[in-house]
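Asks: entry24.cif is reproduced below (mmCIF, N, CA, C and O atoms).
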```
data_coords
loop_
_atom_site.label_atom_id
_atom_site.label_comp_id
_atom_site.auth_asym_id
_atom_site.auth_seq_id
_atom_site.Cartn_x
_atom_site.Cartn_y
_atom_site.Cartn_z
N MET A 50 -0.56 24.00 10.57
CA MET A 50 0.48 23.05 10.91
C MET A 50 -0.12 21.85 11.66
O MET A 50 0.35 20.73 11.50
N LYS A 51 -1.14 22.13 12.47
CA LYS A 51 -1.78 21.07 13.23
C LYS A 51 -2.46 20.06 12.30
O LYS A 51 -2.38 18.86 12.53
N LYS A 52 -3.09 20.57 11.21
CA LYS A 52 -3.75 19.68 10.26
C LYS A 52 -2.73 18.82 9.51
O LYS A 52 -3.00 17.66 9.23
N ILE A 53 -1.58 19.39 9.22
CA ILE A 53 -0.54 18.63 8.50
C ILE A 53 -0.03 17.49 9.36
O ILE A 53 0.11 16.35 8.90
N CYS A 54 0.25 17.77 10.63
CA CYS A 54 0.73 16.72 11.53
C CYS A 54 -0.33 15.65 11.76
O CYS A 54 -0.02 14.45 11.77
N LEU A 55 -1.58 16.09 11.92
CA LEU A 55 -2.67 15.13 12.12
C LEU A 55 -2.87 14.25 10.89
O LEU A 55 -3.01 13.03 11.00
N SER A 56 -2.84 14.86 9.71
CA SER A 56 -3.02 14.06 8.49
C SER A 56 -1.84 13.12 8.26
O SER A 56 -2.02 12.00 7.79
N ALA A 57 -0.63 13.56 8.62
CA ALA A 57 0.54 12.68 8.49
C ALA A 57 0.44 11.49 9.43
O ALA A 57 0.75 10.35 9.05
N ALA A 58 -0.01 11.72 10.67
CA ALA A 58 -0.15 10.63 11.63
C ALA A 58 -1.24 9.65 11.20
O ALA A 58 -1.05 8.43 11.27
N ILE A 59 -2.37 10.17 10.75
CA ILE A 59 -3.46 9.30 10.30
C ILE A 59 -3.04 8.50 9.08
O ILE A 59 -3.30 7.30 8.99
N SER A 60 -2.36 9.15 8.14
CA SER A 60 -1.95 8.44 6.92
C SER A 60 -0.89 7.38 7.23
O SER A 60 -0.90 6.30 6.64
N LEU A 61 0.01 7.66 8.18
CA LEU A 61 0.99 6.65 8.57
C LEU A 61 0.29 5.44 9.17
O LEU A 61 0.64 4.29 8.85
N LEU A 62 -0.72 5.68 9.99
CA LEU A 62 -1.49 4.58 10.57
C LEU A 62 -2.19 3.78 9.48
O LEU A 62 -2.17 2.54 9.49
N ILE A 63 -2.80 4.46 8.51
CA ILE A 63 -3.50 3.77 7.42
C ILE A 63 -2.53 2.94 6.59
O ILE A 63 -2.81 1.78 6.26
N VAL A 64 -1.37 3.50 6.27
CA VAL A 64 -0.38 2.77 5.46
C VAL A 64 0.17 1.57 6.22
O VAL A 64 0.34 0.49 5.64
N LEU A 65 0.42 1.72 7.52
CA LEU A 65 0.91 0.58 8.30
C LEU A 65 -0.14 -0.53 8.42
O LEU A 65 0.20 -1.71 8.36
N ILE A 66 -1.41 -0.15 8.56
CA ILE A 66 -2.47 -1.16 8.59
C ILE A 66 -2.56 -1.86 7.24
O ILE A 66 -2.68 -3.09 7.18
N GLY A 67 -2.50 -1.09 6.14
CA GLY A 67 -2.51 -1.69 4.80
C GLY A 67 -1.33 -2.61 4.57
O GLY A 67 -1.45 -3.68 3.98
N MET A 68 -0.15 -2.21 5.08
CA MET A 68 1.04 -3.05 4.95
C MET A 68 0.87 -4.36 5.73
O MET A 68 1.23 -5.43 5.23
N PHE A 69 0.31 -4.27 6.92
CA PHE A 69 0.08 -5.47 7.72
C PHE A 69 -0.91 -6.42 7.02
O PHE A 69 -0.68 -7.63 6.97
N ILE A 70 -1.99 -5.87 6.49
CA ILE A 70 -2.97 -6.69 5.76
C ILE A 70 -2.33 -7.36 4.56
O ILE A 70 -2.53 -8.55 4.31
N ASN A 71 -1.53 -6.60 3.80
CA ASN A 71 -0.85 -7.17 2.65
C ASN A 71 0.16 -8.24 3.06
O ASN A 71 0.30 -9.27 2.38
N TYR A 72 0.88 -8.01 4.16
CA TYR A 72 1.85 -8.99 4.63
C TYR A 72 1.18 -10.30 5.01
O TYR A 72 1.63 -11.38 4.66
N ARG A 73 0.06 -10.19 5.75
CA ARG A 73 -0.69 -11.40 6.14
C ARG A 73 -1.24 -12.12 4.92
O ARG A 73 -1.22 -13.35 4.86
N ALA A 74 -1.72 -11.39 3.93
CA ALA A 74 -2.23 -12.01 2.70
C ALA A 74 -1.10 -12.71 1.95
O ALA A 74 -1.29 -13.81 1.41
N TYR A 75 0.09 -12.10 1.93
CA TYR A 75 1.23 -12.72 1.27
C TYR A 75 1.65 -14.01 1.99
O TYR A 75 2.01 -14.99 1.34
N GLN A 76 1.59 -14.00 3.30
CA GLN A 76 1.95 -15.21 4.06
C GLN A 76 0.99 -16.36 3.77
O GLN A 76 1.39 -17.52 3.79
N GLU A 77 -0.27 -16.04 3.47
CA GLU A 77 -1.26 -17.07 3.21
C GLU A 77 -1.18 -17.63 1.79
O GLU A 77 -1.24 -18.84 1.60
N ASP A 78 -1.08 -16.74 0.78
CA ASP A 78 -1.15 -17.25 -0.60
C ASP A 78 -0.16 -16.59 -1.56
O ASP A 78 -0.31 -16.69 -2.78
N HIS A 79 0.86 -15.90 -1.05
CA HIS A 79 1.93 -15.30 -1.85
C HIS A 79 1.46 -14.18 -2.77
O HIS A 79 2.13 -13.87 -3.76
N TYR A 80 0.34 -13.56 -2.48
CA TYR A 80 -0.13 -12.41 -3.26
C TYR A 80 -0.57 -11.31 -2.31
O TYR A 80 -1.08 -11.58 -1.22
N LEU A 81 -0.36 -10.06 -2.72
CA LEU A 81 -0.78 -8.92 -1.91
C LEU A 81 -2.26 -8.65 -2.16
O LEU A 81 -2.72 -8.67 -3.29
N LYS A 82 -2.99 -8.37 -1.10
CA LYS A 82 -4.43 -8.15 -1.22
C LYS A 82 -4.74 -6.81 -1.88
O LYS A 82 -5.59 -6.73 -2.75
N TYR A 83 -4.08 -5.75 -1.44
CA TYR A 83 -4.30 -4.41 -1.99
C TYR A 83 -3.01 -3.96 -2.67
O TYR A 83 -2.05 -3.55 -2.00
N SER A 84 -3.00 -4.03 -4.00
CA SER A 84 -1.77 -3.68 -4.71
C SER A 84 -2.06 -3.31 -6.16
O SER A 84 -3.14 -3.58 -6.68
N PHE A 85 -1.05 -2.70 -6.77
CA PHE A 85 -1.06 -2.47 -8.21
C PHE A 85 -0.20 -3.56 -8.82
O PHE A 85 0.93 -3.79 -8.38
N LYS A 86 -0.71 -4.21 -9.85
CA LYS A 86 0.00 -5.34 -10.46
C LYS A 86 0.54 -4.94 -11.83
O LYS A 86 -0.15 -4.30 -12.62
N ASN A 87 1.78 -5.34 -12.09
CA ASN A 87 2.40 -5.17 -13.40
C ASN A 87 2.71 -6.56 -13.94
O ASN A 87 3.49 -7.29 -13.35
N HIS A 88 2.08 -6.92 -15.06
CA HIS A 88 2.28 -8.24 -15.66
C HIS A 88 3.21 -8.11 -16.86
O HIS A 88 3.16 -7.15 -17.60
N GLY A 89 4.04 -9.11 -17.02
CA GLY A 89 4.92 -9.12 -18.18
C GLY A 89 5.56 -10.48 -18.37
O GLY A 89 6.36 -10.90 -17.55
N GLY A 90 5.18 -11.19 -19.40
CA GLY A 90 5.80 -12.48 -19.70
C GLY A 90 5.70 -13.45 -18.56
O GLY A 90 4.63 -13.85 -18.14
N GLU A 91 6.84 -13.83 -18.02
CA GLU A 91 6.88 -14.81 -16.94
C GLU A 91 6.98 -14.16 -15.57
O GLU A 91 7.30 -14.82 -14.58
N ILE A 92 6.72 -12.86 -15.48
CA ILE A 92 6.90 -12.17 -14.19
C ILE A 92 5.69 -11.27 -13.90
O ILE A 92 5.10 -10.70 -14.81
N THR A 93 5.33 -11.21 -12.64
CA THR A 93 4.33 -10.27 -12.16
C THR A 93 4.91 -9.57 -10.94
O THR A 93 5.43 -10.22 -10.04
N ILE A 94 4.83 -8.25 -10.93
CA ILE A 94 5.32 -7.47 -9.81
C ILE A 94 4.14 -6.72 -9.20
O ILE A 94 3.38 -6.07 -9.91
N GLU A 95 3.99 -6.84 -7.89
CA GLU A 95 2.92 -6.16 -7.17
C GLU A 95 3.52 -5.12 -6.22
O GLU A 95 4.49 -5.40 -5.53
N HIS A 96 2.93 -3.91 -6.22
CA HIS A 96 3.34 -2.85 -5.30
C HIS A 96 2.13 -2.47 -4.47
O HIS A 96 1.08 -2.15 -5.02
N GLY A 97 2.29 -2.48 -3.15
CA GLY A 97 1.18 -2.08 -2.31
C GLY A 97 1.61 -1.74 -0.90
O GLY A 97 2.19 -2.58 -0.21
N PHE A 98 1.33 -0.52 -0.47
CA PHE A 98 1.58 -0.06 0.89
C PHE A 98 3.00 -0.34 1.37
O PHE A 98 3.23 -0.77 2.49
N GLY A 99 3.98 -0.10 0.53
CA GLY A 99 5.37 -0.24 0.94
C GLY A 99 5.95 -1.63 0.78
O GLY A 99 7.08 -1.88 1.15
N LEU A 100 5.18 -2.55 0.23
CA LEU A 100 5.69 -3.90 -0.02
C LEU A 100 5.73 -4.16 -1.52
O LEU A 100 4.89 -3.65 -2.27
N GLN A 101 6.70 -4.94 -1.94
CA GLN A 101 6.81 -5.35 -3.34
C GLN A 101 6.91 -6.87 -3.38
O GLN A 101 7.79 -7.46 -2.76
N ALA A 102 5.99 -7.47 -4.11
CA ALA A 102 6.00 -8.92 -4.29
C ALA A 102 6.35 -9.21 -5.75
O ALA A 102 5.74 -8.65 -6.66
N VAL A 103 7.34 -10.05 -5.95
CA VAL A 103 7.77 -10.43 -7.29
C VAL A 103 7.47 -11.91 -7.48
O VAL A 103 7.87 -12.75 -6.67
N HIS A 104 6.74 -12.21 -8.54
CA HIS A 104 6.38 -13.59 -8.88
C HIS A 104 7.01 -13.92 -10.23
O HIS A 104 6.72 -13.27 -11.22
N ILE A 105 7.88 -14.92 -10.23
CA ILE A 105 8.50 -15.37 -11.47
C ILE A 105 7.96 -16.77 -11.76
O ILE A 105 8.10 -17.68 -10.94
N TYR A 106 7.33 -16.90 -12.92
CA TYR A 106 6.72 -18.17 -13.31
C TYR A 106 7.63 -18.88 -14.29
O TYR A 106 8.07 -18.31 -15.28
N THR A 107 7.90 -20.14 -14.01
CA THR A 107 8.79 -20.91 -14.86
C THR A 107 8.08 -21.32 -16.14
O THR A 107 6.87 -21.53 -16.17
N MET A 108 8.84 -21.42 -17.21
CA MET A 108 8.31 -21.87 -18.48
C MET A 108 8.84 -23.26 -18.84
O MET A 108 8.59 -23.77 -19.91
N GLU A 109 9.59 -23.86 -17.92
CA GLU A 109 10.16 -25.19 -18.14
C GLU A 109 9.27 -26.26 -17.54
O GLU A 109 8.61 -26.04 -16.53
N MET A 110 9.29 -27.42 -18.15
CA MET A 110 8.57 -28.56 -17.57
C MET A 110 9.22 -28.95 -16.26
O MET A 110 10.44 -29.10 -16.17
N GLY A 111 8.43 -29.09 -15.23
CA GLY A 111 8.95 -29.50 -13.94
C GLY A 111 9.65 -28.40 -13.18
O GLY A 111 10.23 -28.64 -12.13
N GLY A 112 9.61 -27.16 -13.68
CA GLY A 112 10.25 -26.05 -12.99
C GLY A 112 9.40 -25.56 -11.83
O GLY A 112 8.26 -25.96 -11.65
N HIS A 113 9.98 -24.72 -11.01
CA HIS A 113 9.29 -24.20 -9.83
C HIS A 113 9.12 -22.69 -9.95
O HIS A 113 10.05 -22.00 -10.35
N ASP A 114 7.95 -22.22 -9.57
CA ASP A 114 7.70 -20.79 -9.55
C ASP A 114 8.42 -20.17 -8.36
O ASP A 114 8.66 -20.82 -7.35
N SER A 115 8.74 -18.89 -8.48
CA SER A 115 9.46 -18.18 -7.42
C SER A 115 8.62 -16.99 -6.94
O SER A 115 8.04 -16.26 -7.76
N HIS A 116 8.55 -16.80 -5.64
CA HIS A 116 7.85 -15.68 -5.04
C HIS A 116 8.79 -15.01 -4.06
O HIS A 116 9.46 -15.67 -3.27
N ARG A 117 8.84 -13.66 -4.11
CA ARG A 117 9.73 -12.93 -3.21
C ARG A 117 9.02 -11.67 -2.73
O ARG A 117 8.37 -10.98 -3.50
N LEU A 118 9.16 -11.35 -1.47
CA LEU A 118 8.56 -10.17 -0.87
C LEU A 118 9.66 -9.31 -0.27
O LEU A 118 10.59 -9.82 0.35
N ARG A 119 9.56 -8.00 -0.48
CA ARG A 119 10.54 -7.09 0.10
C ARG A 119 9.89 -5.75 0.40
O ARG A 119 8.84 -5.42 -0.15
N PHE A 120 10.52 -4.98 1.28
CA PHE A 120 10.07 -3.64 1.60
C PHE A 120 10.49 -2.71 0.47
O PHE A 120 11.63 -2.75 0.02
N ASP A 121 9.57 -1.87 0.01
CA ASP A 121 9.84 -0.95 -1.09
C ASP A 121 9.66 0.48 -0.60
O ASP A 121 8.54 0.93 -0.35
N VAL A 122 10.76 1.18 -0.43
CA VAL A 122 10.75 2.53 0.13
C VAL A 122 9.95 3.48 -0.74
O VAL A 122 9.16 4.30 -0.24
N ILE A 123 10.12 3.39 -2.05
CA ILE A 123 9.45 4.32 -2.96
C ILE A 123 7.93 4.17 -2.89
O ILE A 123 7.21 5.16 -2.76
N SER A 124 7.42 2.94 -2.93
CA SER A 124 5.97 2.78 -2.85
C SER A 124 5.46 3.16 -1.47
O SER A 124 4.35 3.69 -1.34
N PHE A 125 6.27 2.92 -0.42
CA PHE A 125 5.86 3.34 0.93
C PHE A 125 5.69 4.85 0.98
O PHE A 125 4.67 5.35 1.48
N LEU A 126 6.66 5.59 0.46
CA LEU A 126 6.58 7.04 0.49
C LEU A 126 5.47 7.57 -0.42
O LEU A 126 4.79 8.54 -0.06
N LEU A 127 5.26 6.93 -1.57
CA LEU A 127 4.17 7.36 -2.46
C LEU A 127 2.81 7.11 -1.82
O LEU A 127 1.93 7.99 -1.88
N PHE A 128 2.61 5.95 -1.24
CA PHE A 128 1.34 5.67 -0.56
C PHE A 128 1.15 6.60 0.64
O PHE A 128 0.04 7.08 0.89
N LEU A 129 2.22 6.87 1.37
CA LEU A 129 2.14 7.76 2.53
C LEU A 129 1.78 9.18 2.09
O LEU A 129 0.89 9.81 2.67
N ALA A 130 2.44 9.68 1.06
CA ALA A 130 2.15 11.04 0.58
C ALA A 130 0.75 11.14 -0.01
O ALA A 130 0.03 12.11 0.26
N GLY A 131 0.35 10.15 -0.78
CA GLY A 131 -0.98 10.16 -1.37
C GLY A 131 -2.07 10.09 -0.32
O GLY A 131 -3.06 10.84 -0.38
N THR A 132 -1.89 9.22 0.65
CA THR A 132 -2.87 9.09 1.73
C THR A 132 -2.90 10.36 2.58
O THR A 132 -3.98 10.81 2.98
N ALA A 133 -1.73 10.95 2.85
CA ALA A 133 -1.68 12.19 3.63
C ALA A 133 -2.41 13.32 2.91
O ALA A 133 -3.12 14.11 3.55
N LEU A 134 -2.24 13.40 1.61
CA LEU A 134 -2.94 14.43 0.84
C LEU A 134 -4.45 14.24 0.90
O LEU A 134 -5.20 15.21 1.12
N ILE A 135 -4.91 13.02 0.74
CA ILE A 135 -6.35 12.73 0.80
C ILE A 135 -6.90 13.05 2.19
O ILE A 135 -7.95 13.69 2.33
N VAL A 136 -6.19 12.64 3.24
CA VAL A 136 -6.64 12.90 4.61
C VAL A 136 -6.63 14.41 4.89
O VAL A 136 -7.56 14.93 5.52
N TYR A 137 -5.63 15.12 4.40
CA TYR A 137 -5.55 16.57 4.59
C TYR A 137 -6.75 17.27 3.94
O TYR A 137 -7.36 18.16 4.54
N VAL A 138 -7.10 16.86 2.73
CA VAL A 138 -8.25 17.45 2.04
C VAL A 138 -9.54 17.14 2.81
O VAL A 138 -10.39 18.03 2.99
N ILE A 139 -9.69 15.93 3.28
CA ILE A 139 -10.89 15.56 4.05
C ILE A 139 -10.97 16.37 5.35
O ILE A 139 -12.04 16.87 5.71
N LEU A 140 -9.85 16.52 6.05
CA LEU A 140 -9.84 17.32 7.28
C LEU A 140 -10.18 18.78 6.99
O LEU A 140 -10.93 19.41 7.75
N THR A 141 -9.65 19.32 5.91
CA THR A 141 -9.94 20.71 5.54
C THR A 141 -11.42 20.90 5.25
O THR A 141 -12.03 21.87 5.71
N ILE A 142 -12.00 19.97 4.51
CA ILE A 142 -13.43 20.06 4.19
C ILE A 142 -14.28 19.93 5.46
O ILE A 142 -15.23 20.69 5.66
N CYS A 143 -13.92 18.99 6.34
CA CYS A 143 -14.67 18.81 7.59
C CYS A 143 -14.59 20.05 8.47
O CYS A 143 -15.60 20.47 9.06
N MET A 144 -13.41 20.65 8.57
CA MET A 144 -13.27 21.86 9.39
C MET A 144 -14.01 23.05 8.77
O MET A 144 -14.58 23.87 9.49
N PHE A 145 -14.01 23.12 7.45
CA PHE A 145 -14.75 24.19 6.77
C PHE A 145 -16.24 24.05 7.03
O PHE A 145 -16.92 25.03 7.34
N ILE A 146 -16.77 22.84 6.96
CA ILE A 146 -18.20 22.61 7.21
C ILE A 146 -18.53 22.88 8.68
O ILE A 146 -19.55 23.48 8.99
N ALA A 147 -17.65 22.47 9.60
CA ALA A 147 -17.88 22.69 11.02
C ALA A 147 -17.89 24.18 11.36
O ALA A 147 -18.71 24.65 12.16
N ASN A 148 -16.99 24.95 10.75
CA ASN A 148 -16.93 26.39 11.00
C ASN A 148 -18.12 27.12 10.36
O ASN A 148 -18.56 28.14 10.85
N LYS A 149 -18.60 26.60 9.27
CA LYS A 149 -19.71 27.23 8.57
C LYS A 149 -21.02 27.06 9.35
O LYS A 149 -21.89 27.91 9.31
N ARG A 150 -21.15 25.97 10.08
CA ARG A 150 -22.36 25.71 10.88
C ARG A 150 -22.46 26.62 12.09
O ARG A 150 -23.53 26.81 12.63
N ARG A 151 -21.35 27.14 12.56
CA ARG A 151 -21.35 27.97 13.78
C ARG A 151 -21.90 29.31 13.50
O ARG A 151 -22.02 30.07 12.78
#
```
Can you turn what I pasted into structure tokens?
Replies:
Amino acid sequence: MKKICLSAAISLLIVLIGMFINYRAYQEDHYLKYSFKNHGGEITIEHGFGLQAVHIYTMEMGGHDSHRLRFDVISFLLFLAGTALIVYVILTICMFIANKRR
């Protein structure tokens, strides 16, 4: 139980740091630094660390592109669960190696 709580806390910290980095990158150039991108026609959607950036590109002469950022609960939970699983496995391996040395 201790490893589960520790891995959850570490993964929450990692996801929040990733979200902050992505937010700052979006503020600078409207794109997420660490994300999965889905391209399609005039739209690109980025998911990364609980944030979703939607870019709509105009196809009209003189039109304006649109950029929107929002919190995405599903990607936040997926990144949190994935990171927690990876951290849990790493902690388990480290504890196994530490116990084996004794």
Asks: Could you work out how far atom CA of A:Leu140 lies from atom CA of A:Tyr72, giving the answer in Å with one decimal?
Replies: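 Separation between atom CA of A:Tyr72 and atom CA of A:Leu140: 28.9 Å.
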Asks: Quick one: pull the distance between atom C of A:Asn148 and atom O of A:Ala58, Å, one decimal.
Replies: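 A separation of 25.3 Å between them.
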Asks: Taking only N, CA, C and O atoms into account, name the residue in A:Leu129, A:Met144, A:Ile135, A:Met50 that is nearest to A:Gly99.
Replies: A:Leu129
Asks: How many Å lie between atom CA of A:Ala57 and atom CA of A:Gly131, rounded to one decimal?
Replies: 10.3 Å
Asks: Pick from A:Val64, A:Thr107, A:Leu100, A:Ala133: nearest to A:Phe120, with all atoms listed in the file counted?
Replies: A:Leu100
Asks: How would you write, as a list in words, the set of residues in chain A that DSSP gives as strand (DSSP E or B)?
Replies: Phe85, Lys86, Asn87, His88, Gly89, Ile92, Thr93, Ile94, Glu95, His96, Gly97, Leu100, Gln101, Ala102, Val103, His104, Ile105, Ser115, His116, Arg117, Leu118, Arg119 and Phe120 of chain A
Asks: I'd like the contact shell of A:Thr93 - 10 Å cut-off, only C-alpha atoms, skipping same-chain residues fewer than 3 positions apart - returned as a list of chain:residue names.
Replies: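 Final neighbour list, sorted by chain and number: A:Lys86, A:Asn87, A:His88, A:Gly89, A:Gly90, A:Ala102, A:Val103, A:His104, A:Ile105, A:Tyr106, A:His116.
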Asks: Give me the residues within 8 Å of A:Gly97 as a list in words, counting only N, CA, C and O atoms and dropping any in the same chain fewer than 3 places off.
Replies: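 In the requested form, the answer reads Val64, Gly67, Met68, Phe69, Asn71, Tyr72, Leu81, Lys82, Tyr83, Ser84, Phe85, Lys86, Ile94, Leu100, Gln101, Ala102, Arg119, Asp121, Ser124, Phe125 and Phe128 of chain A.
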Asks: Check the smallest atom-to-atom distance from each of A:Asp114, A:Thr132, A:Ile92, A:Phe98 to A:Ile59 using all atoms listed in the file, then report the winner.
Replies: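 Under the stated criterion, the closest residue is A:Thr132.
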Asks: Could you pull out all residues of stretch 54-145 of chain A with a DSSP call of alpha helix (DSSP H) and give them as a PyMOL selection string?
Replies: chain A and resi 54-78+122-145
Asks: From the list A:Ala130, A:Glu91, A:Gly111, A:Asp78, which residue is nearest A:Leu61 when using only N, CA, C and O atoms?
Replies: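 Counting only N, CA, C and O atoms, the residue closest to A:Leu61 is A:Ala130.
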